[in-house]
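I have placed the structure first, in the form of structure tokens, so that the comments after it can refer back to it.
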Amino acid sequence: MQDAIQSGSGGAAAAEGQLEVFERSYDAPPERWAVFDTTDPSTRYAHDRRMRIAMDRLRQIAGEDLASWSALVVCGGVGGQGTYLANRGLAKVTVSDFSPRALEHCRRRDPRLETALLDAEQLQLPDASYDLVIVQDGLHHLPRPTLGLTEMLRVARRAVIVIEPHAGLVARL
């Protein structure tokens with residue numbers, strides 16, 4: 001990962017600074033990530049809405065049940081989106097992030113998920129490794145988001161979903 005960070009346009013110091021900020025944010029107690037596991041219907045609806053729309057549309061386009069699909073979540077943090085995909089019945093869900101602490105939380109939160117320490121701008125994976133590659137609210141954090149998207153396209157076998165923030169109420173919440 002260090003080689004990939006050093007080749008970035010912001011230089012190694014900027015990337016290391018970003019990682020340090022993220023690592024500190026993941027020092028929070030596990031309760032901070034409880035939103036990903038809540039059963040409160042209103043919170044679930046607001047939290048899952050964009051993922052549900054995207055996955056319902058993908059199933060419609062694919063014309064098949066997605067249960068046999070494998071998925072890679074890029075910039076996956078503590079695994080909330082991975083949990084959503086596993087709850088929808090996807091066969092294999094891997095959450096990737098460049099933060100070791102985030103992935104530790106992910107493994108504790110949801111043991112069904114596999115984790116991978118990966119730089120989203122240089123995914124150390126073979127072409128067409130996963131049926132679905134998905135990112136929610138992550139590309140805009142990358143120094144070179146276009147490179148991250150290009151890597152997602154390379155690693156995806158069947159589909160890519162990109163969900164990024166907007167100025168609506170749900171994004172502000």
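Residues in the structure tokens are numbered from 1 in each chain, the chains being A, B, ... in the order shown, and ligands are numbered from 1 in the order shown.
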Please identify every residue of region 26-105 of chain A that has at least one atom no farther than 8 Å from an atom of region 125-133 of chain A, counting only C-alpha atoms, and for each give the shortest atom pair and the distance in Å to one decimal, arranged by chain then increasing number, as a tab-separated table.
```
residue	atom	partner	partner_atom	distance
A:Trp69	CA	A:Asp131	CA	5.6
A:Ser70	CA	A:Asp131	CA	5.2
A:Ala71	CA	A:Leu132	CA	4.6
A:Leu72	CA	A:Val133	CA	4.8
A:Val73	CA	A:Val133	CA	5.9
A:Val74	CA	A:Val133	CA	7.1
```
- In chain A, DSSP strand (DSSP E or B) residues written as a PyMOL selection string: chain A and resi 70-73+92-97+114-117+119+122+130-136+156-163
- Task: Using only C-alpha atoms, determine which residues lie at most 6 Å from region 97-102 of chain A, disregarding the query and same-chain residues fewer than 2 positions distant; provide the list as a PyMOL selection string.
- Result: chain A and resi 26+75-78+104-105+117-119
- Contacts of Leu113 (chain A) at 9 Å or less, counting only C-alpha atoms, minus same-chain residues fewer than 2 places along, as a list in words? Gly79, Gly82, Thr83, Ala86, Lys92, Val93, Thr94, Val95, Cys106, Arg107, Asp110, Pro111 and Thr115 of chain A
Emit the selected residues as a PDB file, in the first residue's frame, including N, CA and C atoms.
```pdb
ATOM      1  N   GLY A  79     -17.727  -1.592   7.619  1.00  0.00           N
ATOM      2  CA  GLY A  79     -18.479  -2.668   6.991  1.00  0.00           C
ATOM      3  C   GLY A  79     -19.984  -2.541   6.951  1.00  0.00           C
ATOM      4  N   GLY A  82     -21.227  -3.689   3.663  1.00  0.00           N
ATOM      5  CA  GLY A  82     -20.995  -5.119   3.562  1.00  0.00           C
ATOM      6  C   GLY A  82     -22.065  -5.915   4.301  1.00  0.00           C
ATOM      7  N   THR A  83     -22.429  -5.436   5.494  1.00  0.00           N
ATOM      8  CA  THR A  83     -23.496  -6.083   6.251  1.00  0.00           C
ATOM      9  C   THR A  83     -24.806  -6.032   5.478  1.00  0.00           C
ATOM     10  N   ALA A  86     -24.620  -8.676   2.796  1.00  0.00           N
ATOM     11  CA  ALA A  86     -24.730 -10.019   3.381  1.00  0.00           C
ATOM     12  C   ALA A  86     -26.171 -10.295   3.816  1.00  0.00           C
ATOM     13  N   LYS A  92     -20.669 -14.062  -1.109  1.00  0.00           N
ATOM     14  CA  LYS A  92     -19.351 -13.700  -0.576  1.00  0.00           C
ATOM     15  C   LYS A  92     -19.241 -12.187  -0.613  1.00  0.00           C
ATOM     16  N   VAL A  93     -19.018 -11.586   0.552  1.00  0.00           N
ATOM     17  CA  VAL A  93     -18.879 -10.134   0.634  1.00  0.00           C
ATOM     18  C   VAL A  93     -17.545  -9.823   1.294  1.00  0.00           C
ATOM     19  N   THR A  94     -16.736  -9.020   0.599  1.00  0.00           N
ATOM     20  CA  THR A  94     -15.447  -8.583   1.116  1.00  0.00           C
ATOM     21  C   THR A  94     -15.482  -7.068   1.271  1.00  0.00           C
ATOM     22  N   VAL A  95     -15.110  -6.595   2.440  1.00  0.00           N
ATOM     23  CA  VAL A  95     -15.024  -5.163   2.709  1.00  0.00           C
ATOM     24  C   VAL A  95     -13.550  -4.781   2.639  1.00  0.00           C
ATOM     25  N   CYS A 106     -14.793  -3.873  11.571  1.00  0.00           N
ATOM     26  CA  CYS A 106     -15.635  -4.620  10.633  1.00  0.00           C
ATOM     27  C   CYS A 106     -15.676  -6.100  11.013  1.00  0.00           C
ATOM     28  N   ARG A 107     -14.528  -6.693  11.253  1.00  0.00           N
ATOM     29  CA  ARG A 107     -14.470  -8.124  11.598  1.00  0.00           C
ATOM     30  C   ARG A 107     -15.213  -8.417  12.901  1.00  0.00           C
ATOM     31  N   ASP A 110     -19.223  -7.869  12.215  1.00  0.00           N
ATOM     32  CA  ASP A 110     -19.930  -8.834  11.379  1.00  0.00           C
ATOM     33  C   ASP A 110     -18.958  -9.900  10.865  1.00  0.00           C
ATOM     34  N   PRO A 111     -18.853 -11.001  11.589  1.00  0.00           N
ATOM     35  CA  PRO A 111     -17.903 -12.056  11.206  1.00  0.00           C
ATOM     36  C   PRO A 111     -18.211 -12.721   9.865  1.00  0.00           C
ATOM     37  N   THR A 115     -12.428  -9.353   4.953  1.00  0.00           N
ATOM     38  CA  THR A 115     -11.844  -8.016   4.882  1.00  0.00           C
ATOM     39  C   THR A 115     -10.541  -8.065   4.091  1.00  0.00           C
TER      40      THR A 115
END
```
- Counting only C-alpha atoms, what is within 9 Å of region 149-151 of chain A, bar same-chain residues fewer than 6 positions away, as a list in words? Ala120, Glu121, Gln122, Leu123, Leu139, Val160 and Val162 of chain A
- Among the residues A:Trp33, A:Leu142, A:Arg50, A:Gly63, the one that comes closest to Ile161 (chain A) [using only C-alpha atoms]: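 Ranked by minimum distance to Ile161 (chain A), first place goes to A:Arg50.
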- May I ask which of the residues A:Thr38, A:Asp27, A:Met55, A:Arg32 is the closest one to Leu90 (chain A), counting only C-alpha atoms?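 Closest to Leu90 (chain A), using only C-alpha atoms: A:Met55.
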- Interatomic distance, CA of Gln81 (chain A) to CA of Val155 (chain A) (Å, one decimal):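 Straight-line distance from CA of Gln81 (chain A) to CA of Val155 (chain A) works out to 18.1 Å.
Nearest residue to Gly89 (chain A) among A:Ala28, A:Met51, A:Asp65, A:Arg109 is A:Asp65, counting only C-alpha atoms.
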- Identify all residues of chain A in helix (DSSP H, G or I) (DSSP on the backbone) and supply them as a ChimeraX atom specification. /A:2-6,11-25,30-37,41-62,80-87,100-109,139-141,145-155,169-172
Output C-alpha atoms for every residue in that selection, as a compact mmCIF listing (two decimals), in the first residue's frame.
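New file again.txt:
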```
# COMPACT_ATOMS: atom_id res chain seq x y z
CA GLN A 2 2.85 2.37 0.76
CA ASP A 3 4.11 2.21 -2.84
CA ALA A 4 0.63 3.06 -4.13
CA ILE A 5 0.35 5.95 -1.69
CA GLN A 6 3.71 7.38 -2.73
CA GLY A 11 2.52 12.67 -2.25
CA ALA A 12 3.15 10.24 0.55
CA ALA A 13 2.85 12.83 3.31
CA ALA A 14 -0.68 13.84 2.29
CA ALA A 15 -1.85 10.24 1.99
CA GLU A 16 -0.26 9.29 5.30
CA GLY A 17 -1.93 12.32 6.88
CA GLN A 18 -5.31 11.21 5.56
CA LEU A 19 -4.74 7.69 6.88
CA GLU A 20 -3.77 9.10 10.27
CA VAL A 21 -7.00 11.13 10.45
CA PHE A 22 -9.09 8.08 9.52
CA GLU A 23 -7.23 5.85 11.97
CA ARG A 24 -7.93 8.32 14.80
CA SER A 25 -11.62 8.44 13.85
CA PRO A 30 -17.69 0.12 19.02
CA GLU A 31 -21.01 1.73 20.00
CA ARG A 32 -20.27 4.46 17.45
CA TRP A 33 -20.91 1.93 14.68
CA ALA A 34 -24.20 0.65 16.15
CA VAL A 35 -26.18 2.42 13.41
CA PHE A 36 -25.10 -0.34 11.03
CA ASP A 37 -26.74 -2.97 13.22
CA PRO A 41 -37.25 0.78 11.25
CA SER A 42 -36.87 4.54 10.67
CA THR A 43 -33.11 4.46 11.05
CA ARG A 44 -32.84 1.34 8.89
CA TYR A 45 -34.92 2.97 6.15
CA ALA A 46 -32.87 6.19 6.12
CA HIS A 47 -29.57 4.39 6.34
CA ASP A 48 -30.24 1.68 3.74
CA ARG A 49 -32.33 3.64 1.23
CA ARG A 50 -29.64 4.33 -1.38
CA MET A 51 -28.17 0.82 -1.17
CA ARG A 52 -31.65 -0.70 -1.48
CA ILE A 53 -32.47 1.38 -4.57
CA ALA A 54 -29.16 0.46 -6.22
CA MET A 55 -29.40 -3.24 -5.42
CA ASP A 56 -33.06 -3.49 -6.47
CA ARG A 57 -32.19 -1.83 -9.79
CA LEU A 58 -29.18 -4.12 -10.29
CA ARG A 59 -31.33 -7.20 -9.68
CA GLN A 60 -33.85 -5.89 -12.18
CA ILE A 61 -31.17 -5.24 -14.82
CA ALA A 62 -29.40 -8.55 -14.18
CA GLY A 80 -21.99 -1.21 7.12
CA GLN A 81 -22.53 -1.66 3.40
CA GLY A 82 -21.00 -5.12 3.56
CA THR A 83 -23.50 -6.08 6.25
CA TYR A 84 -26.31 -4.77 4.07
CA LEU A 85 -25.13 -6.95 1.16
CA ALA A 86 -24.73 -10.02 3.38
CA ASN A 87 -28.22 -9.46 4.78
CA PRO A 100 -6.49 -1.43 9.55
CA ARG A 101 -8.56 -0.13 12.49
CA ALA A 102 -11.70 0.16 10.38
CA LEU A 103 -11.27 -3.43 9.23
CA GLU A 104 -10.76 -4.59 12.84
CA HIS A 105 -14.12 -3.01 13.74
CA CYS A 106 -15.64 -4.62 10.63
CA ARG A 107 -14.47 -8.12 11.60
CA ARG A 108 -15.81 -7.70 15.15
CA ARG A 109 -19.11 -6.20 13.97
CA LEU A 139 -14.68 7.99 -3.91
CA HIS A 140 -14.75 11.66 -2.94
CA HIS A 141 -12.22 10.91 -0.17
CA PRO A 145 -11.26 9.46 -7.52
CA THR A 146 -11.15 8.72 -11.25
CA LEU A 147 -8.32 6.27 -10.65
CA GLY A 148 -10.39 4.60 -7.92
CA LEU A 149 -13.35 4.27 -10.28
CA THR A 150 -11.10 2.85 -13.01
CA GLU A 151 -9.81 0.24 -10.56
CA MET A 152 -13.37 -0.68 -9.60
CA LEU A 153 -14.23 -1.21 -13.27
CA ARG A 154 -11.15 -3.38 -13.75
CA VAL A 155 -11.88 -5.61 -10.76
CA LEU A 169 -31.64 15.54 3.60
CA VAL A 170 -30.41 11.94 3.89
CA ALA A 171 -26.84 12.93 2.94
CA ARG A 172 -26.86 15.72 5.53
```
- Message: Please determine, counting only C-alpha atoms, which residue among A:Ala116, A:Arg144, A:Asp137, A:Ser96 has the shortest atom-to-atom distance to Pro165 (chain A).
- Response: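 Looking at the shortest contact to Pro165 (chain A), the residue is A:Asp137.
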- Task: Work out how far CA of Ala159 (chain A) is from CA of Gly138 (chain A), in Å to one decimal.
- Result: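 Here the two named atoms are 17.3 Å from each other.
CA of Val135 (chain A) is positioned 19.6 Å from CA of Ser68 (chain A).
When only C-alpha atoms are used to compute distances to Leu66 (chain A), the closest of the residues A:Glu114, A:Arg158, A:Gln136, A:Pro29 turns out to be A:Arg158.
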